[in-house]
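Structure data follow from target-v7.cif (mmCIF, C-alpha atoms):
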data_entry
#
loop_
_atom_site.label_atom_id
_atom_site.label_comp_id
_atom_site.auth_asym_id
_atom_site.auth_seq_id
_atom_site.Cartn_x
_atom_site.Cartn_y
_atom_site.Cartn_z
CA MET D 1 -7.67 -6.26 21.32
CA GLN D 2 -5.25 -5.88 24.23
CA LYS D 3 -1.96 -4.42 23.02
CA LEU D 4 1.14 -6.32 24.10
CA ASN D 5 3.69 -4.45 26.19
CA HIS D 6 7.16 -4.80 24.68
CA LEU D 7 8.76 -4.31 28.12
CA ASP D 8 7.28 -7.64 29.21
CA TYR D 9 9.56 -9.48 26.77
CA TYR D 10 13.26 -9.92 26.10
CA ARG D 11 14.53 -7.56 23.42
CA LEU D 12 16.62 -9.75 21.14
CA PRO D 13 20.13 -8.21 21.11
CA TRP D 14 20.58 -8.57 17.36
CA ASN D 15 21.96 -5.54 15.58
CA LEU D 16 23.56 -4.58 12.27
CA THR D 17 27.02 -5.95 13.08
CA ASP D 18 26.20 -8.75 15.52
CA ASN D 19 23.17 -10.79 14.52
CA SER D 20 21.87 -14.34 14.27
CA ILE D 21 21.26 -14.50 10.49
CA SER D 22 22.20 -12.91 7.17
CA TRP D 23 20.43 -13.26 3.82
CA LEU D 24 22.25 -14.54 0.73
CA GLU D 25 20.52 -14.26 -2.66
CA PRO D 26 22.29 -16.43 -5.26
CA THR D 27 19.47 -15.93 -7.79
CA ALA D 28 16.29 -13.98 -8.46
CA LYS D 29 14.83 -16.84 -10.50
CA CYS D 30 11.81 -18.62 -9.06
CA ASN D 31 9.58 -21.44 -10.24
CA LEU D 32 6.48 -19.91 -8.60
CA SER D 33 4.86 -16.50 -8.65
CA CYS D 34 3.51 -15.74 -5.19
CA ASP D 35 1.24 -12.89 -4.15
CA GLY D 36 3.09 -10.61 -1.76
CA CYS D 37 6.56 -11.44 -3.08
CA TYR D 38 8.97 -8.50 -2.96
CA ARG D 39 11.41 -9.79 -5.58
CA GLN D 40 11.12 -9.54 -9.36
CA ASN D 41 11.31 -13.01 -10.93
CA GLU D 42 14.25 -13.03 -13.37
CA ASN D 43 15.21 -16.11 -15.36
CA ASN D 44 18.80 -15.15 -16.21
CA SER D 45 19.88 -14.03 -12.76
CA HIS D 46 22.07 -16.81 -11.34
CA LYS D 47 25.13 -15.35 -9.66
CA SER D 48 28.48 -17.03 -10.20
CA ILE D 49 30.21 -18.87 -7.38
CA GLU D 50 32.86 -16.14 -7.37
CA VAL D 51 30.25 -13.42 -6.78
CA ILE D 52 28.63 -15.54 -4.07
CA LYS D 53 32.00 -15.96 -2.36
CA GLU D 54 32.49 -12.19 -2.44
CA GLU D 55 29.09 -11.64 -0.85
CA LEU D 56 29.82 -14.18 1.88
CA ASP D 57 33.13 -12.42 2.51
CA THR D 58 31.22 -9.13 2.81
CA PHE D 59 29.02 -10.67 5.51
CA THR D 60 32.00 -11.98 7.46
CA LYS D 61 33.74 -8.60 7.12
CA PHE D 62 30.87 -6.53 8.51
CA ARG D 63 28.77 -8.88 10.60
CA LYS D 64 28.88 -11.77 13.07
CA VAL D 65 26.17 -14.33 12.34
CA ASP D 66 25.24 -17.90 13.22
CA GLY D 67 23.38 -18.85 10.04
CA ILE D 68 23.04 -17.81 6.41
CA SER D 69 19.58 -17.90 4.83
CA ILE D 70 20.15 -18.94 1.20
CA ALA D 71 17.17 -17.42 -0.57
CA GLY D 72 16.19 -15.62 -3.76
CA GLY D 73 14.24 -16.28 -5.97
CA ASP D 74 14.37 -19.94 -5.19
CA PRO D 75 17.91 -21.18 -4.48
CA LEU D 76 17.11 -24.72 -5.62
CA THR D 77 16.85 -23.37 -9.18
CA HIS D 78 20.55 -22.45 -9.05
CA PRO D 79 22.65 -25.15 -10.76
CA ASP D 80 25.43 -24.77 -8.18
CA VAL D 81 23.26 -24.85 -5.05
CA ILE D 82 25.31 -27.71 -3.57
CA SER D 83 28.52 -25.72 -3.99
CA ILE D 84 26.83 -22.67 -2.44
CA VAL D 85 25.92 -24.72 0.64
CA ARG D 86 29.53 -25.91 0.85
CA GLU D 87 30.82 -22.33 0.69
CA VAL D 88 28.59 -21.31 3.59
CA LYS D 89 29.56 -24.36 5.63
CA LYS D 90 33.25 -23.75 4.88
CA ARG D 91 32.97 -20.46 6.76
CA ASN D 92 31.66 -22.24 9.86
CA LEU D 93 28.16 -20.85 9.31
CA LYS D 94 24.84 -22.71 9.21
CA PRO D 95 23.44 -22.99 5.65
CA ILE D 96 19.65 -22.60 5.75
CA LEU D 97 17.82 -22.99 2.43
CA ASN D 98 14.73 -20.79 2.00
CA THR D 99 12.69 -22.47 -0.72
CA ASN D 100 9.19 -23.27 -1.91
CA GLY D 101 10.36 -26.90 -2.15
CA LEU D 102 9.16 -27.53 -5.72
CA ALA D 103 12.62 -28.55 -6.95
CA LEU D 104 13.52 -30.64 -3.89
CA THR D 105 13.94 -34.39 -4.36
CA LYS D 106 15.13 -37.02 -1.92
CA GLU D 107 18.32 -37.44 -3.97
CA LEU D 108 19.06 -33.71 -3.95
CA LEU D 109 18.33 -33.53 -0.22
CA VAL D 110 20.87 -36.28 0.49
CA GLU D 111 23.50 -34.41 -1.55
CA LEU D 112 22.72 -31.14 0.22
CA LYS D 113 23.11 -32.82 3.59
CA LYS D 114 26.50 -34.18 2.55
CA ALA D 115 27.44 -30.61 1.57
CA GLY D 116 26.53 -29.43 5.07
CA VAL D 117 22.98 -28.05 4.88
CA TYR D 118 21.73 -27.27 8.38
CA GLY D 119 18.08 -26.58 7.74
CA PHE D 120 15.25 -25.65 5.41
CA THR D 121 12.60 -22.98 5.60
CA PHE D 122 9.76 -23.89 3.25
CA HIS D 123 7.48 -21.09 2.08
CA ILE D 124 4.02 -22.59 1.62
CA ASP D 125 0.77 -20.66 1.51
CA SER D 126 -2.49 -20.58 -0.42
CA LYS D 127 -1.60 -17.53 -2.57
CA GLN D 128 1.23 -19.24 -4.45
CA GLY D 129 -0.77 -20.87 -7.25
CA ARG D 130 1.10 -24.14 -6.80
CA PRO D 131 0.52 -26.77 -9.48
CA GLY D 132 -1.91 -29.29 -8.06
CA TRP D 133 -2.72 -27.09 -5.04
CA LYS D 134 -4.22 -23.95 -6.61
CA ASP D 135 -7.55 -24.17 -4.78
CA ALA D 136 -6.18 -25.53 -1.51
CA ASN D 137 -6.59 -23.48 1.66
CA GLU D 138 -3.99 -23.24 4.43
CA ILE D 139 -5.38 -26.24 6.32
CA GLU D 140 -5.40 -28.46 3.23
CA LEU D 141 -1.79 -27.39 2.56
CA ASN D 142 -0.75 -29.04 5.84
CA GLU D 143 -0.63 -32.26 3.82
CA LEU D 144 2.09 -30.73 1.66
CA ARG D 145 3.91 -29.32 4.69
CA TYR D 146 3.96 -32.78 6.22
CA LYS D 147 5.48 -34.22 3.04
CA TYR D 148 8.50 -31.93 3.34
CA ALA D 149 8.80 -32.30 7.11
CA ARG D 150 8.74 -36.09 6.75
CA MET D 151 11.33 -35.98 3.97
CA LEU D 152 13.76 -34.02 6.17
CA ALA D 153 13.12 -36.23 9.18
CA ASP D 154 13.76 -39.39 7.16
CA VAL D 155 17.13 -38.09 5.97
CA GLY D 156 17.82 -37.07 9.54
CA ASN D 157 18.77 -34.16 11.79
CA ILE D 158 17.94 -31.27 9.45
CA SER D 159 16.07 -28.30 10.94
CA CYS D 160 12.57 -27.92 9.46
CA ALA D 161 10.80 -24.57 9.37
CA PHE D 162 7.73 -23.32 7.52
CA ASN D 163 6.71 -19.79 6.76
CA SER D 164 3.43 -18.52 5.42
CA THR D 165 2.36 -15.05 4.34
CA VAL D 166 -0.73 -14.01 6.32
CA TYR D 167 -3.49 -12.12 4.50
CA GLU D 168 -6.71 -10.69 5.87
CA ASP D 169 -8.67 -13.66 4.50
CA THR D 170 -6.20 -16.29 5.75
CA MET D 171 -5.83 -15.08 9.33
CA LYS D 172 -8.67 -17.41 10.34
CA TYR D 173 -6.55 -20.45 9.51
CA ILE D 174 -3.70 -19.61 11.89
CA PRO D 175 -5.07 -21.56 14.92
CA GLU D 176 -5.36 -24.78 12.89
CA MET D 177 -1.89 -24.26 11.42
CA ALA D 178 -0.52 -23.89 14.94
CA LYS D 179 -2.36 -27.05 16.01
CA TRP D 180 -0.87 -28.92 13.05
CA ALA D 181 2.60 -27.78 14.14
CA GLU D 182 1.84 -29.02 17.64
CA GLN D 183 0.82 -32.43 16.28
CA ASN D 184 4.15 -32.59 14.46
CA ILE D 185 6.37 -30.95 17.05
CA ASP D 186 8.79 -33.87 16.76
CA ILE D 187 9.63 -33.07 13.12
CA VAL D 188 8.75 -29.36 12.77
CA GLN D 189 11.03 -26.99 14.65
CA VAL D 190 9.77 -23.57 13.51
CA MET D 191 6.53 -21.98 12.28
CA VAL D 192 6.70 -18.44 10.89
CA PHE D 193 3.78 -16.15 10.07
CA ILE D 194 4.75 -13.20 7.83
CA LEU D 195 2.19 -10.40 7.74
CA TYR D 196 1.28 -9.22 4.26
CA ARG D 197 2.49 -5.80 3.16
CA ALA D 198 2.17 -3.76 -0.03
CA VAL D 199 2.66 -0.12 -0.98
CA ASN D 200 -0.44 1.98 -0.32
CA ASN D 201 -0.49 4.69 -2.98
CA ASN D 202 -3.66 6.21 -1.53
CA LEU D 203 -1.82 7.34 1.60
CA MET D 204 1.78 7.93 0.55
CA ASP D 205 3.88 9.51 -2.19
CA PHE D 206 7.40 8.25 -2.81
CA TYR D 207 10.50 10.27 -3.64
CA LEU D 208 14.14 9.79 -4.53
CA GLY D 209 15.62 13.11 -3.50
CA PRO D 210 13.34 15.80 -5.05
CA THR D 211 12.02 13.43 -7.73
CA LYS D 212 8.66 11.74 -7.31
CA ILE D 213 8.87 8.00 -8.01
CA ASN D 214 6.29 5.87 -9.77
CA MET D 215 6.10 2.92 -7.41
CA GLY D 216 4.15 1.01 -10.06
CA ASP D 217 7.56 0.13 -11.50
CA LEU D 218 8.32 -2.05 -8.46
CA VAL D 219 7.04 -5.59 -7.94
CA TYR D 220 5.75 -4.96 -4.43
CA ASN D 221 3.49 -2.11 -5.49
CA GLU D 222 -0.03 -3.52 -5.59
CA GLU D 223 -3.44 -1.92 -5.66
CA VAL D 224 -5.20 -4.17 -3.17
CA GLU D 225 -8.43 -4.00 -1.25
CA GLU D 226 -7.24 -6.30 1.54
CA ARG D 227 -5.47 -5.03 4.61
CA THR D 228 -1.78 -4.18 4.53
CA ASP D 229 -1.55 -3.16 8.19
CA ILE D 230 -2.07 -6.43 10.11
CA LYS D 231 -0.14 -6.28 13.39
CA ALA D 232 1.67 -8.98 15.35
CA ASP D 233 -0.56 -8.30 18.40
CA GLU D 234 -3.59 -9.42 16.36
CA ILE D 235 -1.98 -12.75 15.51
CA VAL D 236 -1.18 -13.38 19.18
CA GLU D 237 -4.82 -12.72 20.06
CA ILE D 238 -5.95 -15.18 17.37
CA LEU D 239 -3.56 -17.83 18.69
CA ARG D 240 -4.85 -17.30 22.22
CA SER D 241 -8.31 -18.35 21.02
CA VAL D 242 -6.99 -21.94 21.01
CA TYR D 243 -3.96 -21.52 23.29
CA PRO D 244 -5.09 -19.24 26.16
CA ASP D 245 -1.60 -19.28 27.72
CA PHE D 246 0.17 -18.44 24.44
CA ASP D 247 2.68 -15.70 25.14
CA PRO D 248 5.86 -14.56 23.38
CA CYS D 249 9.19 -14.40 25.14
CA ALA D 250 11.28 -12.15 22.88
CA TYR D 251 11.02 -9.53 20.15
CA LEU D 252 12.88 -7.30 17.75
CA ASN D 253 11.49 -3.78 17.66
CA GLY D 254 11.03 -1.36 14.78
CA SER D 255 13.62 1.18 13.67
CA GLU D 256 11.15 4.07 14.20
CA GLN D 257 8.81 2.65 16.84
CA PRO D 258 10.52 1.05 19.87
CA ASP D 259 7.28 -0.54 21.09
CA SER D 260 6.44 -2.25 17.78
CA PHE D 261 6.99 -5.96 17.21
CA LYS D 262 8.83 -6.66 13.97
CA TRP D 263 10.00 -10.15 14.97
CA LEU D 264 7.94 -11.63 17.80
CA LEU D 265 9.19 -14.97 19.11
CA THR D 266 7.34 -17.57 21.14
CA GLY D 267 9.10 -20.69 22.38
CA ARG D 268 6.84 -23.57 23.36
CA LEU D 269 7.58 -26.96 24.91
CA GLY D 270 5.52 -30.08 24.33
CA VAL D 271 5.03 -33.54 22.92
CA LYS D 272 3.00 -34.60 19.89
CA GLY D 273 -0.50 -33.26 20.49
CA LYS D 274 0.15 -31.44 23.77
CA ILE D 275 1.86 -28.18 24.71
CA TYR D 276 3.02 -28.15 28.33
CA GLY D 277 4.15 -24.56 28.48
CA TYR D 278 6.22 -21.69 27.18
CA MET D 279 9.63 -20.18 27.52
CA GLY D 280 9.88 -16.89 29.39
CA LYS D 281 12.06 -13.89 28.67
CA LYS D 282 14.76 -14.83 31.19
CA ALA D 283 15.22 -18.30 29.69
CA MET D 284 15.61 -16.83 26.20
CA GLU D 285 18.06 -14.23 27.52
CA ILE D 286 20.17 -16.94 29.16
CA ILE D 287 20.21 -19.01 25.95
CA GLN D 288 21.09 -16.11 23.65
CA ALA D 289 23.67 -14.60 26.00
CA GLY D 290 25.14 -18.01 26.82
CA HIS D 291 25.49 -18.95 23.16
CA HIS D 292 27.19 -15.62 22.46
CA MET D 293 29.54 -16.11 25.38
CA LEU D 294 30.53 -19.59 24.19
CA PHE D 295 30.56 -19.10 20.40
CA ASP D 296 30.81 -15.31 19.95
CA ARG D 297 27.53 -15.18 18.01
CA TYR D 298 23.80 -15.15 18.73
CA LEU D 299 21.84 -18.34 18.16
CA ALA D 300 19.77 -18.78 15.01
CA TYR D 301 18.51 -22.32 14.33
CA SER D 302 18.91 -25.52 16.34
CA GLU D 303 19.03 -29.01 14.86
CA PRO D 304 16.37 -31.61 15.80
CA ARG D 305 18.71 -33.63 18.02
CA LEU D 306 18.87 -30.53 20.26
CA THR D 307 15.24 -29.35 20.07
CA ARG D 308 14.05 -32.78 21.24
CA LYS D 309 16.05 -32.25 24.45
CA GLY D 310 13.55 -29.78 25.83
CA LYS D 311 13.80 -31.41 29.26
CA SER D 312 17.24 -29.81 29.61
CA MET D 313 15.53 -26.40 29.38
CA LEU D 314 13.64 -27.24 32.57
CA LEU D 315 16.95 -26.70 34.38
CA LEU D 316 16.31 -22.98 33.83
CA SER D 317 13.28 -23.18 36.17
CA PRO D 318 15.01 -21.28 39.02
CA PHE D 319 15.45 -18.27 36.72
CA ASP D 320 12.24 -18.32 34.68
CA LYS D 321 8.68 -18.48 36.02
CA ARG D 322 7.17 -19.81 32.80
CA ILE D 323 9.72 -22.61 32.55
CA ARG D 324 8.98 -23.41 36.19
CA ASN D 325 5.27 -23.74 35.43
CA THR D 326 6.06 -25.88 32.39
CA ALA D 327 8.20 -28.20 34.53
CA LYS D 328 5.38 -28.63 37.06
CA LYS D 329 2.88 -29.59 34.35
CA PHE D 330 5.27 -31.92 32.54
CA LEU D 331 6.57 -33.71 35.66
CA LYS D 332 3.11 -34.06 37.17
CA ASN D 333 3.04 -37.39 35.35
CA PRO D 334 6.22 -39.25 36.45
CA LEU D 335 6.14 -41.35 33.25
CA ASN D 336 6.88 -38.21 31.25
CA ILE D 337 10.49 -38.48 32.36
CA PHE D 338 10.85 -41.17 29.69
CA LYS D 339 9.47 -38.94 26.91
CA HIS D 340 11.21 -36.42 24.69
CA LEU D 341 10.07 -32.89 25.45
CA HIS D 342 10.36 -30.90 22.22
CA TYR D 343 11.06 -27.20 21.77
CA GLN D 344 9.28 -25.40 18.93
CA SER D 345 9.51 -21.74 17.86
CA VAL D 346 6.56 -19.72 16.61
CA MET D 347 7.69 -16.48 14.97
CA ILE D 348 5.51 -13.59 13.79
CA ILE D 349 7.21 -11.18 11.37
CA GLN D 350 5.69 -7.75 10.76
CA PRO D 351 7.44 -6.15 7.75
CA VAL D 352 7.70 -2.43 6.98
CA ASP D 353 5.01 -0.18 8.45
CA PHE D 354 4.38 3.32 7.08
CA LEU D 355 3.82 5.77 9.93
CA ASP D 356 1.46 8.73 9.66
CA ASP D 357 4.34 11.14 9.07
CA GLY D 358 5.78 8.99 6.27
CA ARG D 359 8.58 7.31 8.19
CA GLN D 360 9.16 3.66 7.32
CA ASN D 361 9.30 1.48 10.41
CA MET D 362 11.78 -1.26 9.46
CA CYS D 363 13.17 -4.18 11.48
CA ASP D 364 15.80 -2.69 13.79
CA GLY D 365 19.08 -4.56 13.19
CA CYS D 366 17.47 -6.56 10.36
CA PRO D 367 18.26 -10.32 10.51
CA ASP D 368 17.49 -10.61 6.78
CA ILE D 369 20.11 -8.09 5.69
CA THR D 370 21.71 -8.85 2.34
CA VAL D 371 24.55 -7.55 0.15
CA TRP D 372 24.35 -5.11 -2.75
CA ASN D 373 27.43 -3.47 -4.27
CA GLY D 374 29.54 -4.48 -1.29
CA LYS D 375 27.11 -2.89 1.18
CA LEU D 376 24.59 -4.31 3.62
CA VAL D 377 21.00 -3.48 2.59
CA TRP D 378 17.51 -4.65 3.55
CA SER D 379 16.61 -7.69 1.47
CA CYS D 380 12.92 -6.70 1.38
CA ARG D 381 13.87 -3.37 -0.23
CA MET D 382 16.34 -4.74 -2.79
CA GLU D 383 14.17 -3.83 -5.77
CA GLU D 384 14.66 -0.15 -4.91
CA GLN D 385 18.44 -0.62 -4.85
CA LEU D 386 18.40 -2.43 -8.18
CA LYS D 387 16.22 0.16 -9.91
CA TYR D 388 17.28 3.43 -8.27
CA GLY D 389 20.50 2.68 -6.40
CA HIS D 390 18.95 3.87 -3.13
CA ASN D 391 15.94 3.32 -0.92
CA VAL D 392 13.09 5.72 -1.64
CA ARG D 393 11.56 8.03 0.95
CA SER D 394 7.84 8.19 1.67
CA TYR D 395 5.68 11.20 2.57
CA PRO D 396 2.00 11.56 3.41
CA LYS D 397 -0.10 12.76 0.50
CA GLY D 398 0.31 16.52 0.09
CA PHE D 399 3.14 16.76 2.67
CA GLY D 400 5.13 19.99 2.40
CA GLY D 401 3.24 21.08 -0.69
CA LYS D 402 4.17 17.89 -2.58
CA ASN D 403 1.24 16.45 -4.52
#
I need this file expressed as structure tokens, please.
Amino acid sequence: MQKLNHLDYYRLPWNLTDNSISWLEPTAKCNLSCDGCYRQNENNSHKSIEVIKEELDTFTKFRKVDGISIAGGDPLTHPDVISIVREVKKRNLKPILNTNGLALTKELLVELKKAGVYGFTFHIDSKQGRPGWKDANEIELNELRYKYARMLADVGNISCAFNSTVYEDTMKYIPEMAKWAEQNIDIVQVMVFILYRAVNNNLMDFYLGPTKINMGDLVYNEEVEERTDIKADEIVEILRSVYPDFDPCAYLNGSEQPDSFKWLLTGRLGVKGKIYGYMGKKAMEIIQAGHHMLFDRYLAYSEPRLTRKGKSMLLLSPFDKRIRNTAKKFLKNPLNIFKHLHYQSVMIIQPVDFLDDGRQNMCDGCPDITVWNGKLVWSCRMEEQLKYGHNVRSYPKGFGGKN
């Protein structure tokens, strides 16, 4: 495998105080139990609207953002989800619902759109044990993905994203999932692949100050035989098996390793069934910097009426070689001028990595930061805050005489 060079791509300028997204958790209740989930499922955990308002105010106090991911748990289980969307919209932020979709109906979707919902990110993968889909693989689940994408498209102009946790035995399905997204580029704006992680107790010990912690008390501690160290570079190589020109344009590095890819973004341009090319780092830099200049915030999601205007991105050809090549391929057929050229994002997220010396390589300037006790904390490490009040430290087995 050829390792990607981070210097070839645009480093997304997101940081702790000036980012594209923040992560709101109105509930820890969920109607599914997914492998790889880092949140304890709690039935009586709905936050009140007043608490949610306070958390939104904490975000706006400490952090500029474009969108708010409303997550959990599953936010659609919250009885006041429509009011929560309104509260986000009221603050001139984009409400994005992160959900498994089980509780979504056409009627609820219409009400959420009236309240101002900007987009949905549906988590769908084969390790969820979904009723009616328990034996389905990732390719068979494309039928379910299409159902939700079609529902959003029929209601109109709501961003549609899908994420899927990638395990060692599901990596092989990624090319076909990417092809499915290409076939539906007109109604699917984002595909996200989240690499599976779990605590490896064979390599690390965990401490809170001088006290050794039993990580078995936390939901994301799992004794697994499958890999917990899949890297973003591997997923790019797999995608290149069907898309030889596939290449990212931007990344977010790790807090401890500057050359690691924690969020690796590829922007592709195409029509249903055909990708004409990719966005380069200069084009992404112009878009992010331009959006910040105009709106004082970095861009998160774009609505379908904008992503179908991919031809406007061809105007960036003088500044970006990849866009220039895309324009040549697209305009080679003069009749294409009458077609919509769609933009679609493919994101690879590589969660916490444990380095050999015990350091935890987190997402630098985490986009999924959330609120706990009036502070900004990593959403993927919330269980440590809830149980211990702090994040735990990790050390290699036997480090410094600890055993």
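Near (2.1, -10.4, 15.3), the residues inside the 9 Å limit, counting all atoms listed in the file, come to D:Phe193, D:Ile194, D:Leu195, D:Ile230, D:Lys231, D:Ala232, D:Asp233, D:Glu234, D:Ile235, D:Val236, D:Glu237, D:Phe261, D:Lys262, D:Trp263, D:Leu264, D:Met347, D:Ile348, D:Ile349, D:Gln350.
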Using the chain letters and numbering of this document, enumerate as an mmCIF file with C-alpha atoms, in the frame of the given file the residues selected by the PyMOL selection byres ((chain D and resi 239-242) around 9).
data_model
loop_
_atom_site.group_PDB
_atom_site.id
_atom_site.type_symbol
_atom_site.label_atom_id
_atom_site.label_comp_id
_atom_site.auth_asym_id
_atom_site.auth_seq_id
_atom_site.Cartn_x
_atom_site.Cartn_y
_atom_site.Cartn_z
ATOM 1 C CA ILE D 174 -3.700 -19.610 11.890
ATOM 2 C CA PRO D 175 -5.070 -21.560 14.920
ATOM 3 C CA GLU D 176 -5.360 -24.780 12.890
ATOM 4 C CA ALA D 178 -0.520 -23.890 14.940
ATOM 5 C CA LYS D 179 -2.360 -27.050 16.010
ATOM 6 C CA GLU D 234 -3.590 -9.420 16.360
ATOM 7 C CA ILE D 235 -1.980 -12.750 15.510
ATOM 8 C CA VAL D 236 -1.180 -13.380 19.180
ATOM 9 C CA GLU D 237 -4.820 -12.720 20.060
ATOM 10 C CA ILE D 238 -5.950 -15.180 17.370
ATOM 11 C CA TYR D 243 -3.960 -21.520 23.290
ATOM 12 C CA PRO D 244 -5.090 -19.240 26.160
ATOM 13 C CA ASP D 245 -1.600 -19.280 27.720
ATOM 14 C CA PHE D 246 0.170 -18.440 24.440
ATOM 15 C CA ASP D 247 2.680 -15.700 25.140
#
Reference answer for the PyMOL selection byres ((chain D and resi 356-359) around 12), as a list in words: Asn200, Asn201, Leu203, Met204, Asp205, Phe206, Tyr207, Gly254, Ser255, Glu256, Gln257, Val352, Asp353, Phe354, Leu355, Gln360, Asn361, Met362, Val392, Arg393, Ser394, Tyr395, Pro396, Lys397, Gly398, Phe399 and Gly400 of chain D
Could you dump the residues just selected with C-alpha atoms as a PDB file, in the frame of the given file?
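And here is the file that came out, out_18.pdb:
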ATOM      1  CA  ASN D 200      -0.440   1.980  -0.320  1.00  0.00           C
ATOM      2  CA  ASN D 201      -0.490   4.690  -2.980  1.00  0.00           C
ATOM      3  CA  LEU D 203      -1.820   7.340   1.600  1.00  0.00           C
ATOM      4  CA  MET D 204       1.780   7.930   0.550  1.00  0.00           C
ATOM      5  CA  ASP D 205       3.880   9.510  -2.190  1.00  0.00           C
ATOM      6  CA  PHE D 206       7.400   8.250  -2.810  1.00  0.00           C
ATOM      7  CA  TYR D 207      10.500  10.270  -3.640  1.00  0.00           C
ATOM      8  CA  GLY D 254      11.030  -1.360  14.780  1.00  0.00           C
ATOM      9  CA  SER D 255      13.620   1.180  13.670  1.00  0.00           C
ATOM     10  CA  GLU D 256      11.150   4.070  14.200  1.00  0.00           C
ATOM     11  CA  GLN D 257       8.810   2.650  16.840  1.00  0.00           C
ATOM     12  CA  VAL D 352       7.700  -2.430   6.980  1.00  0.00           C
ATOM     13  CA  ASP D 353       5.010  -0.180   8.450  1.00  0.00           C
ATOM     14  CA  PHE D 354       4.380   3.320   7.080  1.00  0.00           C
ATOM     15  CA  LEU D 355       3.820   5.770   9.930  1.00  0.00           C
ATOM     16  CA  GLN D 360       9.160   3.660   7.320  1.00  0.00           C
ATOM     17  CA  ASN D 361       9.300   1.480  10.410  1.00  0.00           C
ATOM     18  CA  MET D 362      11.780  -1.260   9.460  1.00  0.00           C
ATOM     19  CA  VAL D 392      13.090   5.720  -1.640  1.00  0.00           C
ATOM     20  CA  ARG D 393      11.560   8.030   0.950  1.00  0.00           C
ATOM     21  CA  SER D 394       7.840   8.190   1.670  1.00  0.00           C
ATOM     22  CA  TYR D 395       5.680  11.200   2.570  1.00  0.00           C
ATOM     23  CA  PRO D 396       2.000  11.560   3.410  1.00  0.00           C
ATOM     24  CA  LYS D 397      -0.100  12.760   0.500  1.00  0.00           C
ATOM     25  CA  GLY D 398       0.310  16.520   0.090  1.00  0.00           C
ATOM     26  CA  PHE D 399       3.140  16.760   2.670  1.00  0.00           C
ATOM     27  CA  GLY D 400       5.130  19.990   2.400  1.00  0.00           C
TER      28      GLY D 400
END
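CA of Asp229 (chain D) lies 9.4 Å from CA of Glu168 (chain D).
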CA of Tyr298 (chain D) to CA of Ile275 (chain D), distance in Å rounded to a single decimal: 26.2 Å
Written as an mmCIF file with C-alpha atoms, in the coordinates of the input, which residues does the PyMOL selection byres ((chain D and resi 380) around 10) give for the file shown?
data_model
loop_
_atom_site.group_PDB
_atom_site.id
_atom_site.type_symbol
_atom_site.label_atom_id
_atom_site.label_comp_id
_atom_site.auth_asym_id
_atom_site.auth_seq_id
_atom_site.Cartn_x
_atom_site.Cartn_y
_atom_site.Cartn_z
ATOM 1 C CA CYS D 37 6.560 -11.440 -3.080
ATOM 2 C CA TYR D 38 8.970 -8.500 -2.960
ATOM 3 C CA ARG D 39 11.410 -9.790 -5.580
ATOM 4 C CA TYR D 220 5.750 -4.960 -4.430
ATOM 5 C CA PRO D 351 7.440 -6.150 7.750
ATOM 6 C CA VAL D 352 7.700 -2.430 6.980
ATOM 7 C CA MET D 362 11.780 -1.260 9.460
ATOM 8 C CA ASP D 368 17.490 -10.610 6.780
ATOM 9 C CA ILE D 369 20.110 -8.090 5.690
ATOM 10 C CA THR D 370 21.710 -8.850 2.340
ATOM 11 C CA VAL D 377 21.000 -3.480 2.590
ATOM 12 C CA TRP D 378 17.510 -4.650 3.550
ATOM 13 C CA SER D 379 16.610 -7.690 1.470
ATOM 14 C CA ARG D 381 13.870 -3.370 -0.230
ATOM 15 C CA MET D 382 16.340 -4.740 -2.790
ATOM 16 C CA GLU D 383 14.170 -3.830 -5.770
ATOM 17 C CA GLU D 384 14.660 -0.150 -4.910
#
Test item: residues at most 8 Å from region 91-103 of chain D, only C-alpha atoms, excluding those fewer than 2 positions along its chain, as a PyMOL selection string: chain D and resi 31-32+65-72+74-77+85+87-89+105+116-124+148
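Taking CA of Trp133 (chain D) and CA of Val110 (chain D) as endpoints, the distance between them is 25.9 Å.
Each of D:Gly280, D:Pro13, D:Gly310, D:Gly36 was compared to Val199 (chain D) using only C-alpha atoms, and D:Gly36 turns out to be the nearest.
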Polymer residues at most 10 Å from Trp180 (chain D), only C-alpha atoms, same-chain spacing of 5 or more positions, as a VMD selection string: chain D and resid 139 142 to 143 145 to 146 174 to 175 185 188 272 to 273
Given all atoms listed in the file as the counted atoms, nearest of D:Lys127, D:Lys212, D:Lys64, D:Lys47 to Asp35 (chain D):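 Smallest separation from Asp35 (chain D) among the options: D:Lys127.
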Among the residues D:Tyr251, D:Tyr196, D:Pro210, D:Gln128, the one that comes closest to Gly365 (chain D) [using all atoms listed in the file]: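 Answer, going by the shortest atom-to-atom distance: D:Tyr251.
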Spatial sel., origin (16.4, -6.4, 21.7), limit 9 Å, only C-alpha atoms, listed as an MDAnalysis selection string: chainID D and resid 10:15 250:253 364
How would the residues just picked look written out with C-alpha atoms as a PDB file, in the coordinates of the input?
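Saved file out.pdb follows:
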ATOM      1  CA  TYR D  10      13.260  -9.920  26.100  1.00  0.00           C
ATOM      2  CA  ARG D  11      14.530  -7.560  23.420  1.00  0.00           C
ATOM      3  CA  LEU D  12      16.620  -9.750  21.140  1.00  0.00           C
ATOM      4  CA  PRO D  13      20.130  -8.210  21.110  1.00  0.00           C
ATOM      5  CA  TRP D  14      20.580  -8.570  17.360  1.00  0.00           C
ATOM      6  CA  ASN D  15      21.960  -5.540  15.580  1.00  0.00           C
ATOM      7  CA  ALA D 250      11.280 -12.150  22.880  1.00  0.00           C
ATOM      8  CA  TYR D 251      11.020  -9.530  20.150  1.00  0.00           C
ATOM      9  CA  LEU D 252      12.880  -7.300  17.750  1.00  0.00           C
ATOM     10  CA  ASN D 253      11.490  -3.780  17.660  1.00  0.00           C
ATOM     11  CA  ASP D 364      15.800  -2.690  13.790  1.00  0.00           C
TER      12      ASP D 364
END
